[in-house]
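> Provided herewith: start_2.txt, compact mmCIF, C-alpha atoms.
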```
# COMPACT_ATOMS: atom_id res chain seq x y z
CA MET T 1 0.00 0.00 0.00
CA SER T 2 1.37 3.43 -0.89
CA GLN T 3 2.28 5.74 1.98
CA LEU T 4 0.19 8.84 2.71
CA LYS T 5 2.24 11.84 1.65
CA PRO T 6 2.97 14.43 4.35
CA ILE T 7 1.22 17.74 3.74
CA SER T 8 4.00 19.91 5.13
CA HIS T 9 4.71 21.27 1.64
CA LEU T 10 1.22 22.85 1.72
CA ASP T 11 2.02 24.81 4.86
CA ASN T 12 3.92 27.47 2.92
CA ILE T 13 1.33 27.97 0.21
CA PRO T 14 -0.93 30.99 0.88
CA SER T 15 -4.64 30.73 0.22
CA THR T 16 -4.43 34.25 -1.22
CA PRO T 17 -1.06 34.91 -2.92
CA GLY T 18 0.93 37.77 -1.44
CA LYS T 19 -1.01 37.95 1.84
CA PHE T 20 0.42 34.99 3.70
CA LYS T 21 3.20 35.78 6.24
CA LEU T 22 4.98 32.75 7.56
CA GLU T 23 6.58 34.38 10.64
CA LYS T 24 3.19 35.40 12.08
CA SER T 25 1.49 32.07 11.53
CA GLN T 26 3.65 29.63 13.47
CA PRO T 27 1.02 28.78 16.16
CA TYR T 28 -1.49 28.01 13.43
CA ILE T 29 1.02 25.81 11.62
CA HIS T 30 1.82 23.87 14.79
CA ARG T 31 -1.87 23.37 15.46
CA LEU T 32 -2.38 22.27 11.87
CA ARG T 33 0.47 19.77 12.11
CA PHE T 34 -0.82 18.45 15.41
CA HIS T 35 -4.31 17.93 14.02
CA THR T 36 -2.88 16.41 10.82
CA SER T 37 -0.78 13.92 12.81
CA LEU T 38 -3.78 13.08 14.96
CA SER T 39 -5.93 12.59 11.86
CA LYS T 40 -3.32 10.35 10.26
CA LEU T 41 -3.03 8.31 13.44
CA THR T 42 -6.81 7.95 13.58
CA LEU T 43 -6.93 6.99 9.91
CA TRP T 44 -4.27 4.29 10.24
CA SER T 45 -5.87 3.02 13.45
CA SER T 46 -9.16 2.72 11.60
CA PHE T 47 -7.48 0.83 8.76
CA PHE T 48 -5.90 -1.53 11.28
CA LEU T 49 -9.21 -2.11 13.05
CA VAL T 50 -11.01 -2.80 9.76
CA PHE T 51 -8.26 -5.26 8.80
CA ILE T 52 -8.58 -7.11 12.12
CA LEU T 53 -12.37 -7.28 11.80
CA PHE T 54 -12.09 -8.45 8.19
CA TYR T 55 -9.62 -11.16 9.15
CA TYR T 56 -11.84 -12.22 12.05
CA VAL T 57 -14.86 -12.53 9.78
CA LEU T 58 -12.96 -14.57 7.22
CA SER T 59 -11.37 -16.78 9.84
CA SER T 60 -14.56 -17.47 11.77
CA PRO T 61 -16.03 -20.95 11.26
CA SER T 62 -18.59 -20.90 8.47
CA PRO T 63 -22.14 -21.88 9.35
CA THR T 64 -22.33 -23.89 6.11
CA LEU T 65 -19.39 -26.10 7.03
CA PRO T 66 -19.41 -28.79 9.70
CA SER T 67 -17.88 -27.93 13.03
CA ARG T 68 -14.63 -29.68 13.83
CA ARG T 69 -15.09 -32.91 15.70
CA SER T 70 -13.22 -33.56 18.92
CA LEU T 71 -9.97 -35.45 18.53
CA ASN T 72 -11.20 -38.45 20.50
CA ASP T 73 -14.21 -38.80 18.16
CA SER T 74 -12.25 -38.68 14.92
CA TRP T 75 -8.87 -40.38 15.32
CA GLY T 76 -6.35 -42.03 17.59
CA GLY T 77 -5.80 -45.31 19.38
CA PRO T 78 -4.07 -48.63 18.54
CA ASP T 79 -6.76 -49.84 16.12
CA TRP T 80 -6.68 -46.52 14.27
CA GLU T 81 -2.88 -46.67 13.99
CA LYS T 82 -3.09 -50.22 12.64
CA ARG T 83 -5.47 -49.04 9.90
CA VAL T 84 -3.13 -46.18 9.03
CA THR T 85 -0.13 -48.53 8.87
CA ARG T 86 -1.97 -51.16 6.85
CA SER T 87 -3.15 -48.55 4.32
CA THR T 88 0.39 -47.26 3.77
CA LYS T 89 2.03 -50.63 3.21
CA THR T 90 3.96 -50.54 -0.08
CA SER T 91 5.37 -52.92 -2.62
CA ALA T 92 9.14 -53.29 -2.92
CA HIS T 93 9.71 -50.06 -4.83
CA GLY T 94 6.58 -48.11 -3.91
CA ILE T 95 6.32 -44.65 -2.42
CA THR T 96 4.27 -43.65 0.60
CA VAL T 97 1.79 -40.86 -0.10
CA LEU T 98 -0.49 -38.78 2.10
CA VAL T 99 -3.38 -37.64 -0.09
CA THR T 100 -5.31 -34.67 1.28
CA GLY T 101 -8.88 -34.25 0.02
CA ALA T 102 -8.85 -37.98 -0.69
CA ALA T 103 -12.65 -38.29 -0.75
CA GLY T 104 -12.86 -35.53 -3.35
CA PHE T 105 -13.19 -36.07 -7.08
CA VAL T 106 -9.52 -35.94 -8.10
CA GLY T 107 -8.34 -37.26 -4.73
CA THR T 108 -10.32 -40.49 -5.10
CA HIS T 109 -9.00 -41.22 -8.59
CA VAL T 110 -5.38 -40.41 -7.71
CA SER T 111 -5.54 -42.53 -4.55
CA MET T 112 -6.93 -45.47 -6.50
CA ALA T 113 -4.25 -45.19 -9.19
CA LEU T 114 -1.43 -45.09 -6.64
CA LYS T 115 -2.83 -48.04 -4.67
CA ARG T 116 -3.28 -50.15 -7.79
CA ARG T 117 0.40 -49.88 -8.66
CA GLY T 118 1.55 -50.83 -5.18
CA ASP T 119 2.15 -47.51 -3.42
CA GLY T 120 1.25 -46.90 0.20
CA VAL T 121 -1.65 -44.45 0.35
CA LEU T 122 -3.38 -42.74 3.25
CA GLY T 123 -6.18 -40.25 2.73
CA ILE T 124 -7.45 -37.38 4.85
CA ASP T 125 -10.69 -35.48 4.26
CA ASN T 126 -13.00 -33.30 6.36
CA PHE T 127 -16.16 -34.31 4.43
CA ASN T 128 -17.57 -30.79 4.40
CA HIS T 129 -21.01 -29.96 3.03
CA TYR T 130 -20.04 -27.82 0.04
CA TYR T 131 -21.87 -30.45 -2.01
CA ASP T 132 -23.76 -33.61 -1.03
CA PRO T 133 -21.47 -35.43 1.44
CA ARG T 134 -23.14 -38.73 0.54
CA LEU T 135 -21.17 -38.71 -2.70
CA LYS T 136 -17.96 -38.22 -0.70
CA ARG T 137 -18.92 -41.05 1.64
CA ASP T 138 -19.51 -43.34 -1.32
CA ARG T 139 -16.08 -42.43 -2.69
CA GLN T 140 -14.68 -43.23 0.75
CA LYS T 141 -16.33 -46.67 0.63
CA LEU T 142 -14.85 -47.24 -2.83
CA LEU T 143 -11.38 -46.36 -1.54
CA GLU T 144 -11.67 -48.55 1.54
CA ARG T 145 -12.78 -51.52 -0.58
CA ASN T 146 -9.51 -51.05 -2.42
CA GLY T 147 -7.38 -50.81 0.70
CA VAL T 148 -7.15 -47.03 1.16
CA PHE T 149 -8.02 -45.72 4.62
CA VAL T 150 -9.38 -42.16 4.72
CA VAL T 151 -8.85 -40.35 8.01
CA GLU T 152 -11.64 -37.93 8.85
CA GLY T 153 -9.96 -34.69 9.83
CA ASP T 154 -9.04 -31.17 8.77
CA ILE T 155 -5.68 -30.09 7.37
CA ASN T 156 -5.81 -27.11 9.72
CA ASP T 157 -5.48 -29.60 12.58
CA ALA T 158 -1.69 -29.55 13.02
CA VAL T 159 -1.84 -32.03 15.90
CA LEU T 160 -3.51 -34.60 13.65
CA LEU T 161 -1.06 -33.99 10.81
CA ARG T 162 1.93 -34.40 13.11
CA LYS T 163 0.43 -37.62 14.45
CA LEU T 164 0.09 -39.01 10.92
CA PHE T 165 3.75 -38.25 10.22
CA ASP T 166 4.72 -39.82 13.56
CA VAL T 167 3.01 -43.05 12.53
CA VAL T 168 4.13 -43.03 8.87
CA PRO T 169 7.27 -41.40 7.37
CA PHE T 170 5.56 -40.24 4.18
CA THR T 171 7.88 -39.81 1.20
CA HIS T 172 5.33 -37.70 -0.70
CA VAL T 173 2.26 -35.55 -0.10
CA MET T 174 -0.42 -35.17 -2.78
CA HIS T 175 -2.25 -32.06 -1.59
CA LEU T 176 -5.69 -31.91 -3.19
CA ALA T 177 -7.77 -30.63 -0.27
CA ALA T 178 -9.27 -27.22 -1.09
CA GLN T 179 -12.44 -25.19 -1.12
CA ALA T 180 -13.39 -25.46 -4.77
CA GLY T 181 -15.77 -23.47 -6.95
CA VAL T 182 -15.59 -19.97 -8.38
CA ARG T 183 -19.13 -18.72 -7.67
CA TYR T 184 -19.45 -20.03 -4.11
CA ALA T 185 -16.71 -17.59 -3.05
CA MET T 186 -19.26 -14.79 -3.28
CA GLN T 187 -21.41 -16.55 -0.65
CA ASN T 188 -18.77 -17.89 1.71
CA PRO T 189 -15.38 -16.19 1.24
CA GLY T 190 -14.09 -17.30 4.64
CA SER T 191 -14.12 -20.97 3.63
CA TYR T 192 -11.60 -20.23 0.85
CA VAL T 193 -9.19 -18.48 3.19
CA HIS T 194 -9.61 -21.27 5.77
CA SER T 195 -8.93 -24.14 3.35
CA ASN T 196 -6.84 -22.78 0.49
CA ILE T 197 -4.52 -20.49 2.44
CA ALA T 198 -4.58 -21.36 6.15
CA GLY T 199 -4.92 -25.08 5.42
CA PHE T 200 -2.02 -25.05 2.96
CA VAL T 201 0.21 -23.20 5.42
CA SER T 202 -0.75 -25.64 8.18
CA LEU T 203 0.29 -28.57 5.98
CA LEU T 204 3.56 -26.94 4.91
CA GLU T 205 4.42 -26.10 8.51
CA VAL T 206 4.23 -29.76 9.44
CA CYS T 207 6.06 -30.92 6.29
CA LYS T 208 8.96 -28.52 6.87
CA SER T 209 9.49 -29.80 10.42
CA VAL T 210 9.43 -33.58 9.91
CA ASN T 211 12.51 -35.60 9.09
CA PRO T 212 12.76 -36.63 6.35
CA GLN T 213 10.75 -33.90 4.65
CA PRO T 214 8.33 -35.21 2.00
CA ALA T 215 8.18 -34.01 -1.59
CA ILE T 216 4.91 -32.14 -2.17
CA VAL T 217 2.67 -32.06 -5.24
CA TRP T 218 -0.39 -29.84 -4.93
CA ALA T 219 -3.37 -28.67 -6.93
CA SER T 220 -3.27 -25.07 -8.06
CA SER T 221 -5.77 -24.07 -10.76
CA SER T 222 -6.08 -22.69 -14.27
CA SER T 223 -8.11 -19.95 -12.58
CA VAL T 224 -4.85 -18.20 -11.67
CA TYR T 225 -4.65 -16.94 -15.28
CA GLY T 226 -7.68 -14.78 -14.52
CA LEU T 227 -8.13 -11.95 -17.00
CA ASN T 228 -5.11 -12.99 -19.07
CA SER T 229 -6.12 -12.70 -22.75
CA LYS T 230 -3.06 -14.39 -24.28
CA VAL T 231 -3.84 -17.92 -25.46
CA PRO T 232 -3.00 -20.66 -24.96
CA PHE T 233 -2.13 -20.06 -21.31
CA SER T 234 1.52 -20.73 -20.56
CA GLU T 235 3.21 -21.15 -17.19
CA LYS T 236 5.26 -18.06 -18.10
CA ASP T 237 2.19 -15.84 -18.52
CA ARG T 238 1.19 -13.26 -15.94
CA THR T 239 -1.08 -14.45 -13.14
CA ASP T 240 -1.57 -11.21 -11.23
CA GLN T 241 -5.14 -10.46 -12.40
CA PRO T 242 -7.41 -13.00 -10.66
CA ALA T 243 -11.08 -12.80 -11.61
CA SER T 244 -12.37 -14.50 -8.44
CA LEU T 245 -11.48 -14.99 -4.79
CA TYR T 246 -10.95 -18.68 -5.51
CA ALA T 247 -8.33 -17.75 -8.12
CA ALA T 248 -6.73 -15.29 -5.72
CA THR T 249 -6.36 -17.97 -3.03
CA LYS T 250 -4.77 -20.36 -5.52
CA LYS T 251 -2.38 -17.65 -6.65
CA ALA T 252 -1.57 -16.98 -3.01
CA GLY T 253 -0.88 -20.69 -2.63
CA GLU T 254 1.71 -20.53 -5.41
CA GLU T 255 3.49 -17.67 -3.68
CA ILE T 256 3.34 -19.48 -0.34
CA ALA T 257 4.81 -22.57 -2.00
CA HIS T 258 7.69 -20.46 -3.33
CA THR T 259 8.35 -19.12 0.18
CA TYR T 260 8.50 -22.54 1.85
CA ASN T 261 10.66 -23.88 -0.95
CA HIS T 262 13.07 -20.96 -0.63
CA ILE T 263 13.32 -20.88 3.17
CA TYR T 264 12.91 -24.52 4.20
CA GLY T 265 14.05 -26.54 1.17
CA LEU T 266 10.69 -28.23 0.49
CA SER T 267 10.40 -29.83 -2.95
CA ILE T 268 7.11 -28.49 -4.30
CA THR T 269 5.28 -29.02 -7.59
CA GLY T 270 2.10 -27.06 -8.40
CA LEU T 271 -0.41 -28.36 -10.95
CA ARG T 272 -2.79 -26.00 -12.70
CA PHE T 273 -5.81 -28.16 -13.51
CA PHE T 274 -8.06 -27.20 -16.43
CA THR T 275 -11.79 -28.03 -15.95
CA VAL T 276 -11.57 -31.65 -14.85
CA TYR T 277 -14.57 -33.89 -15.55
CA GLY T 278 -15.51 -37.56 -15.44
CA PRO T 279 -17.08 -40.32 -13.29
CA TRP T 280 -17.42 -39.56 -9.56
CA GLY T 281 -17.19 -35.86 -10.43
CA ARG T 282 -18.34 -32.77 -8.56
CA PRO T 283 -22.07 -31.92 -8.67
CA ASP T 284 -21.29 -28.18 -8.83
CA MET T 285 -19.61 -28.55 -12.24
CA ALA T 286 -21.61 -27.61 -15.35
CA TYR T 287 -21.41 -31.00 -17.09
CA PHE T 288 -22.74 -32.65 -13.92
CA PHE T 289 -25.71 -30.40 -13.16
CA PHE T 290 -26.51 -30.04 -16.88
CA THR T 291 -26.91 -33.83 -17.00
CA LYS T 292 -29.14 -33.78 -13.94
CA ASP T 293 -31.37 -30.97 -15.22
CA ILE T 294 -31.61 -32.30 -18.79
CA LEU T 295 -32.83 -35.65 -17.47
CA LYS T 296 -35.38 -33.90 -15.24
CA GLY T 297 -36.64 -31.76 -18.10
CA LYS T 298 -35.53 -28.55 -16.42
CA PRO T 299 -34.14 -25.62 -18.43
CA ILE T 300 -30.36 -25.17 -18.36
CA THR T 301 -28.63 -21.80 -18.51
CA ILE T 302 -25.82 -21.33 -21.03
CA PHE T 303 -23.86 -18.13 -20.67
CA GLU T 304 -22.49 -16.14 -23.56
CA ALA T 305 -19.61 -13.68 -23.49
CA PRO T 306 -20.23 -9.89 -23.45
CA ASP T 307 -19.50 -9.77 -27.21
CA HIS T 308 -22.10 -12.52 -27.76
CA GLY T 309 -19.25 -14.97 -28.31
CA SER T 310 -19.02 -18.50 -26.99
CA VAL T 311 -17.85 -19.37 -23.51
CA ALA T 312 -15.33 -22.20 -23.89
CA ARG T 313 -13.43 -24.48 -21.54
CA ASP T 314 -10.41 -26.74 -21.90
CA PHE T 315 -12.27 -29.79 -20.56
CA THR T 316 -9.79 -32.40 -19.29
CA TYR T 317 -10.78 -35.98 -18.53
CA ILE T 318 -9.98 -37.30 -15.08
CA ASP T 319 -7.78 -40.19 -16.28
CA ASP T 320 -5.49 -37.72 -18.08
CA ILE T 321 -5.27 -35.56 -14.96
CA VAL T 322 -4.39 -38.62 -12.85
CA LYS T 323 -1.53 -39.48 -15.20
CA GLY T 324 -0.16 -35.97 -14.77
CA CYS T 325 -0.46 -36.19 -10.98
CA VAL T 326 1.30 -39.55 -10.79
CA ALA T 327 4.05 -38.41 -13.17
CA SER T 328 4.58 -35.33 -10.97
CA LEU T 329 5.02 -37.55 -7.92
CA ASP T 330 7.41 -39.86 -9.77
CA THR T 331 9.61 -37.01 -11.01
CA ALA T 332 9.57 -35.01 -7.78
CA LYS T 333 13.04 -34.70 -6.27
CA LYS T 334 13.65 -35.05 -2.56
CA SER T 335 13.28 -32.05 -0.28
CA THR T 336 16.59 -30.70 0.96
CA GLY T 337 15.67 -29.54 4.45
CA SER T 338 15.90 -31.27 7.79
CA GLY T 339 14.27 -30.31 11.07
CA GLY T 340 12.95 -27.08 9.57
CA LYS T 341 16.32 -25.99 8.18
CA LYS T 342 17.23 -25.82 4.50
CA LYS T 343 20.38 -27.70 3.48
CA GLY T 344 20.43 -26.76 -0.20
CA PRO T 345 18.36 -25.61 -3.22
CA ALA T 346 15.13 -27.58 -3.68
CA GLN T 347 12.97 -28.33 -6.70
CA LEU T 348 10.13 -25.89 -7.44
CA ARG T 349 7.86 -26.50 -10.45
CA VAL T 350 4.51 -25.45 -11.90
CA PHE T 351 2.74 -27.29 -14.73
CA ASN T 352 -0.44 -26.84 -16.74
CA LEU T 353 -2.53 -30.02 -16.95
CA GLY T 354 -5.16 -29.51 -19.61
CA ASN T 355 -6.44 -31.03 -22.84
CA THR T 356 -5.32 -28.21 -25.21
CA SER T 357 -8.68 -28.34 -27.04
CA PRO T 358 -11.16 -25.73 -25.75
CA VAL T 359 -14.79 -26.60 -26.48
CA PRO T 360 -17.73 -24.14 -26.38
CA VAL T 361 -20.14 -24.92 -23.55
CA SER T 362 -22.96 -25.08 -26.11
CA ASP T 363 -21.13 -27.99 -27.80
CA LEU T 364 -20.82 -29.71 -24.42
CA VAL T 365 -24.60 -29.55 -24.13
CA SER T 366 -25.04 -30.99 -27.63
CA ILE T 367 -22.82 -33.96 -26.72
CA LEU T 368 -24.82 -34.56 -23.54
CA GLU T 369 -28.06 -34.45 -25.53
CA LYS T 370 -26.69 -37.14 -27.82
CA GLN T 371 -25.46 -39.33 -24.98
CA LEU T 372 -28.62 -38.95 -22.89
CA LYS T 373 -30.96 -39.09 -25.90
CA VAL T 374 -32.85 -36.16 -24.40
CA LYS T 375 -33.30 -32.67 -25.84
CA ALA T 376 -32.10 -29.91 -23.52
CA LYS T 377 -34.21 -26.85 -22.78
CA ARG T 378 -31.60 -24.18 -23.37
CA LYS T 379 -31.73 -20.67 -21.93
CA VAL T 380 -28.97 -18.36 -23.16
CA LEU T 381 -28.03 -15.44 -20.91
CA PRO T 382 -25.18 -12.92 -20.70
CA MET T 383 -22.32 -14.05 -18.48
CA PRO T 384 -22.72 -12.50 -15.03
CA ARG T 385 -19.87 -10.87 -13.10
CA ASN T 386 -19.40 -13.74 -10.69
CA GLY T 387 -15.74 -14.62 -11.23
CA ASP T 388 -16.11 -16.81 -14.29
CA VAL T 389 -13.92 -16.15 -17.32
CA LYS T 390 -14.75 -16.38 -21.03
CA PHE T 391 -12.36 -19.18 -21.92
CA THR T 392 -9.51 -21.38 -20.77
CA HIS T 393 -6.86 -22.98 -22.99
CA ALA T 394 -3.79 -24.82 -21.73
CA ASN T 395 -0.32 -24.82 -23.23
CA ILE T 396 1.01 -28.19 -22.01
CA SER T 397 4.39 -28.20 -23.74
CA LEU T 398 6.28 -27.97 -20.45
CA ALA T 399 4.30 -30.83 -18.87
CA HIS T 400 4.85 -32.90 -22.00
CA LYS T 401 8.59 -32.25 -21.86
CA GLU T 402 9.10 -32.81 -18.13
CA LEU T 403 6.33 -35.31 -17.29
CA ARG T 404 5.67 -36.93 -20.67
CA TYR T 405 2.12 -35.72 -20.13
CA LYS T 406 -0.09 -36.40 -23.16
CA PRO T 407 -3.89 -36.25 -22.78
CA ASN T 408 -5.70 -38.62 -25.11
CA THR T 409 -9.39 -38.40 -24.16
CA ASP T 410 -11.61 -36.14 -26.26
CA LEU T 411 -14.74 -34.60 -24.77
CA GLU T 412 -17.23 -36.90 -26.48
CA THR T 413 -15.40 -40.03 -25.28
CA GLY T 414 -15.04 -38.68 -21.76
CA LEU T 415 -18.67 -37.59 -21.47
CA LYS T 416 -19.81 -41.01 -22.70
CA LYS T 417 -17.98 -42.57 -19.74
CA PHE T 418 -19.38 -39.98 -17.35
CA VAL T 419 -22.98 -40.49 -18.52
CA LYS T 420 -22.62 -44.26 -18.13
CA TRP T 421 -21.43 -43.77 -14.54
CA TYR T 422 -24.12 -41.17 -13.80
CA LEU T 423 -27.01 -43.37 -14.96
CA ASN T 424 -25.61 -46.25 -12.91
CA TYR T 425 -25.05 -44.15 -9.78
CA TYR T 426 -28.45 -42.41 -10.06
CA PRO T 427 -30.57 -45.28 -11.45
CA GLY T 428 -33.89 -43.39 -11.22
CA SER T 429 -32.62 -40.28 -13.00
CA LYS T 430 -34.21 -41.03 -16.39
CA LYS T 431 -37.74 -41.01 -15.03
CA GLY T 432 -39.79 -38.19 -16.48
CA SER T 433 -37.23 -37.22 -19.13
CA SER T 434 -38.42 -36.63 -22.68
CA ALA T 435 -36.62 -38.30 -25.56
CA TRP T 436 -35.61 -36.68 -28.82
```
Represent the structure from my file as structure tokens, please.

Amino acid sequence: MSQLKPISHLDNIPSTPGKFKLEKSQPYIHRLRFHTSLSKLTLWSSFFLVFILFYYVLSSPSPTLPSRRSLNDSWGGPDWEKRVTRSTKTSAHGITVLVTGAAGFVGTHVSMALKRRGDGVLGIDNFNHYYDPRLKRDRQKLLERNGVFVVEGDINDAVLLRKLFDVVPFTHVMHLAAQAGVRYAMQNPGSYVHSNIAGFVSLLEVCKSVNPQPAIVWASSSSVYGLNSKVPFSEKDRTDQPASLYAATKKAGEEIAHTYNHIYGLSITGLRFFTVYGPWGRPDMAYFFFTKDILKGKPITIFEAPDHGSVARDFTYIDDIVKGCVASLDTAKKSTGSGGKKKGPAQLRVFNLGNTSPVPVSDLVSILEKQLKVKAKRKVLPMPRNGDVKFTHANISLAHKELRYKPNTDLETGLKKFVKWYLNYYPGSKKGSSAW
């Protein structure tokens, strides 16, 4: 913030030229300076008070999120430790990964992929109510059937995190826990600060202190590109114009990651996901609630850009994202710190993970109509000022070079798989829908 300029240079300027005499006005000047100093002090005090109140509001527990359970209710004890140890058992050459947000969309798929190849995997999730927690519980059941234990807890709980590292010396952390969604930030901004900033710092604080330090891969977002108009988006492009609070918290996360890498020697890789979709997805995503509303015969809203152009997204299928996540873990170098002290330079990377083929949202709807065999009731409206951007388009050349990342699922193929899952998961969803 720029400093307030002192007004002493105004003291010598007469209100009426030629009539102002400095030597006879000293008491007035002293009074003026006293009142000016007092006013400045009051102003800065007010700013400080507003900042404290603002921080308190954002940091206060949100009424829409579940209150934190007591430690004795959620974790601990010999049986709990046995489950943690059993879940993290690896094959001969496997790694041991703590996956935060494991009951989330991406977290579930990444955890499954790691477990299938013989890695030790432990999940943690707070099962908040941002969307229907029953879907998260069903993902949890899926993971546990495949040998992945999901600890119910919050990443802001440093005591829990330290306990997990006491029980298991994790080699890697896959940090996917976050408050997602662009529009919800206008309703509940505090949840984004709590999860995406405070939660990330809480996790990094524990990771920096353990020995050995784990390598960290975490989910940033394509939202950090914000109002950037240069396409396709490259990791070298500016990211200082966020269009939403969600984007701002993810950008803050990237700067926080840089700080902990620089000071403590943590190996950190950030992944900028581009509109991930697929089975077990998030109900707040357009492809998901479009499917629901089309089947129910409800109208769906399709936004158009201010110039009446198409709103497009670089839709990326979940299996392609998982490959990028796993490759990031496999290529992550060891952290260089020990006991909270940096011993040498550590790896710091950021990659775009997208599909490189933006598709207009109207085309997405057409594909869903074809797969569902139901005609959508379209309602086209101007895009509101709610944090959404007109388009996203990933340049993945760096990820291809460093991770051998190569997405191979087009939108029609991916949506076909999603629709098949959706109709199986919601077996009564086709009732009342009208065919072509």
> Report as CSV: every residue of stretch 238-325 of chain T with an atom at most 9 Å from stretch 348-368 of chain T, its closest pair of atoms, and their distance in Å to one decimal, counting only C-alpha atoms, with rows sorted by chain and ascending residue number.

```
residue,atom,partner,partner_atom,distance
T:Glu254,CA,T:Val350,CA,8.6
T:Ala257,CA,T:Leu348,CA,8.3
T:His258,CA,T:Leu348,CA,7.2
T:Asn261,CA,T:Leu348,CA,6.8
T:His262,CA,T:Leu348,CA,8.9
T:Leu266,CA,T:Leu348,CA,8.3
T:Ser267,CA,T:Leu348,CA,6.0
T:Ile268,CA,T:Leu348,CA,5.1
T:Thr269,CA,T:Arg349,CA,4.6
T:Gly270,CA,T:Val350,CA,4.5
T:Leu271,CA,T:Phe351,CA,5.0
T:Arg272,CA,T:Asn352,CA,4.7
T:Phe273,CA,T:Leu353,CA,5.1
T:Phe274,CA,T:Gly354,CA,4.9
T:Thr275,CA,T:Gly354,CA,7.7
T:Val276,CA,T:Gly354,CA,8.3
T:Ala286,CA,T:Val361,CA,8.8
T:Tyr287,CA,T:Leu364,CA,7.5
T:Phe290,CA,T:Val365,CA,7.5
T:Thr291,CA,T:Leu368,CA,6.9
T:Ile294,CA,T:Leu368,CA,8.6
T:Ile302,CA,T:Ser362,CA,6.9
T:Phe303,CA,T:Val361,CA,8.3
T:Ser310,CA,T:Pro360,CA,5.8
T:Val311,CA,T:Pro360,CA,5.6
T:Ala312,CA,T:Pro360,CA,4.0
T:Arg313,CA,T:Pro358,CA,4.9
T:Asp314,CA,T:Pro358,CA,4.1
T:Phe315,CA,T:Asn355,CA,6.4
T:Thr316,CA,T:Asn355,CA,5.1
T:Tyr317,CA,T:Asn355,CA,7.9
T:Asp320,CA,T:Asn355,CA,8.3
T:Ile321,CA,T:Leu353,CA,6.5
T:Gly324,CA,T:Leu353,CA,6.8
T:Cys325,CA,T:Leu353,CA,8.8
```
> Excluding same-chain residues fewer than 2 positions from stretch 203-219 of chain T, what lies within 7 Å of it counting only C-alpha atoms, as an MDAnalysis selection string?
chainID T and resid 155 158 161:162 170:176 199:201 221 264 266:272 328:329 332:335 337:340
> Hey, which of T:Val110, T:Ala102, T:Ala346, T:Ala394 ends up closest to T:Ser223? Count only C-alpha atoms.
T:Ala394
> How far is it from atom CA of T:Ile124 to atom CA of T:Tyr184, in Å with one decimal?
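According to the coordinates, atom CA of T:Ile124 and atom CA of T:Tyr184 are separated by 22.9 Å.
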> Atom CA of T:Trp280 and atom CA of T:Val419, how far apart in Å?
10.6 Å
> If I take atom CA of T:Ile263 and atom CA of T:Gln347, how far is one from the other in Å, to one decimal?
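If I compute the distance from atom CA of T:Ile263 to atom CA of T:Gln347, I get 12.4 Å.
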> Using only C-alpha atoms, which of the listed residues (T:Ala376, T:Leu415, T:Ala305, T:Leu423) sits closest to T:Lys390?
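Nearest candidate to T:Lys390 out of T:Ala376, T:Leu415, T:Ala305, T:Leu423: T:Ala305.
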> So, with only C-alpha atoms as the atoms that count, which of T:Thr85, T:Ser191, T:Asp293, T:Asp154 lies closest to T:Val374?
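Counting only C-alpha atoms, the residue closest to T:Val374 is T:Asp293.
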> Find the residues near T:Thr90: any atom within 10 Å, counting all atoms listed in the file, skip ones fewer than 3 places away on the same chain, and give them as a PyMOL selection string.
chain T and resi 86-87+93-97+115+117-121
> Rank T:Leu164, T:Val231, T:Ile396, T:Ala92 by their smallest atom-to-atom distance to T:Gly123, using only C-alpha atoms, and report the top residue only.
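For T:Gly123, the nearest of the candidates is T:Leu164.
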> From the options T:Tyr422, T:Gly309, T:Ala399, T:Lys236, which residue's atoms come nearest to T:Pro382, counting only C-alpha atoms?
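Residue with the minimum atom-to-atom distance to T:Pro382: T:Gly309.
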> Please give the centre and size of the box around stretch 100-118 of chain T (axis-aligned, containing every atom listed in the file, 6 Å added per side), with values in Å to one decimal and written as lines of an AutoDock Vina configuration file.

```
center_x = -5.8
center_y = -42.5
center_z = -4.0
size_x = 26.7
size_y = 28.6
size_z = 22.5
```
> With all atoms listed in the file as the basis for distance, which of T:Leu142, T:Ile318, T:Ala113, T:Leu381 is at the shortest distance from T:Pro407?
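So, comparing all the options, the nearest one is T:Ile318.
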> Could you pull out every residue with an atom within 8 Å of (-7.1, -17.7, -20.9), file coordinates, counting only C-alpha atoms, and send them as a list in words?
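Checking each residue against the 8 Å limit leaves Tyr225, Gly226, Leu227, Asn228, Ser229, Lys230, Val231, Pro232, Phe233, Val389, Lys390, Phe391, Thr392, His393 and Ala394 of chain T.
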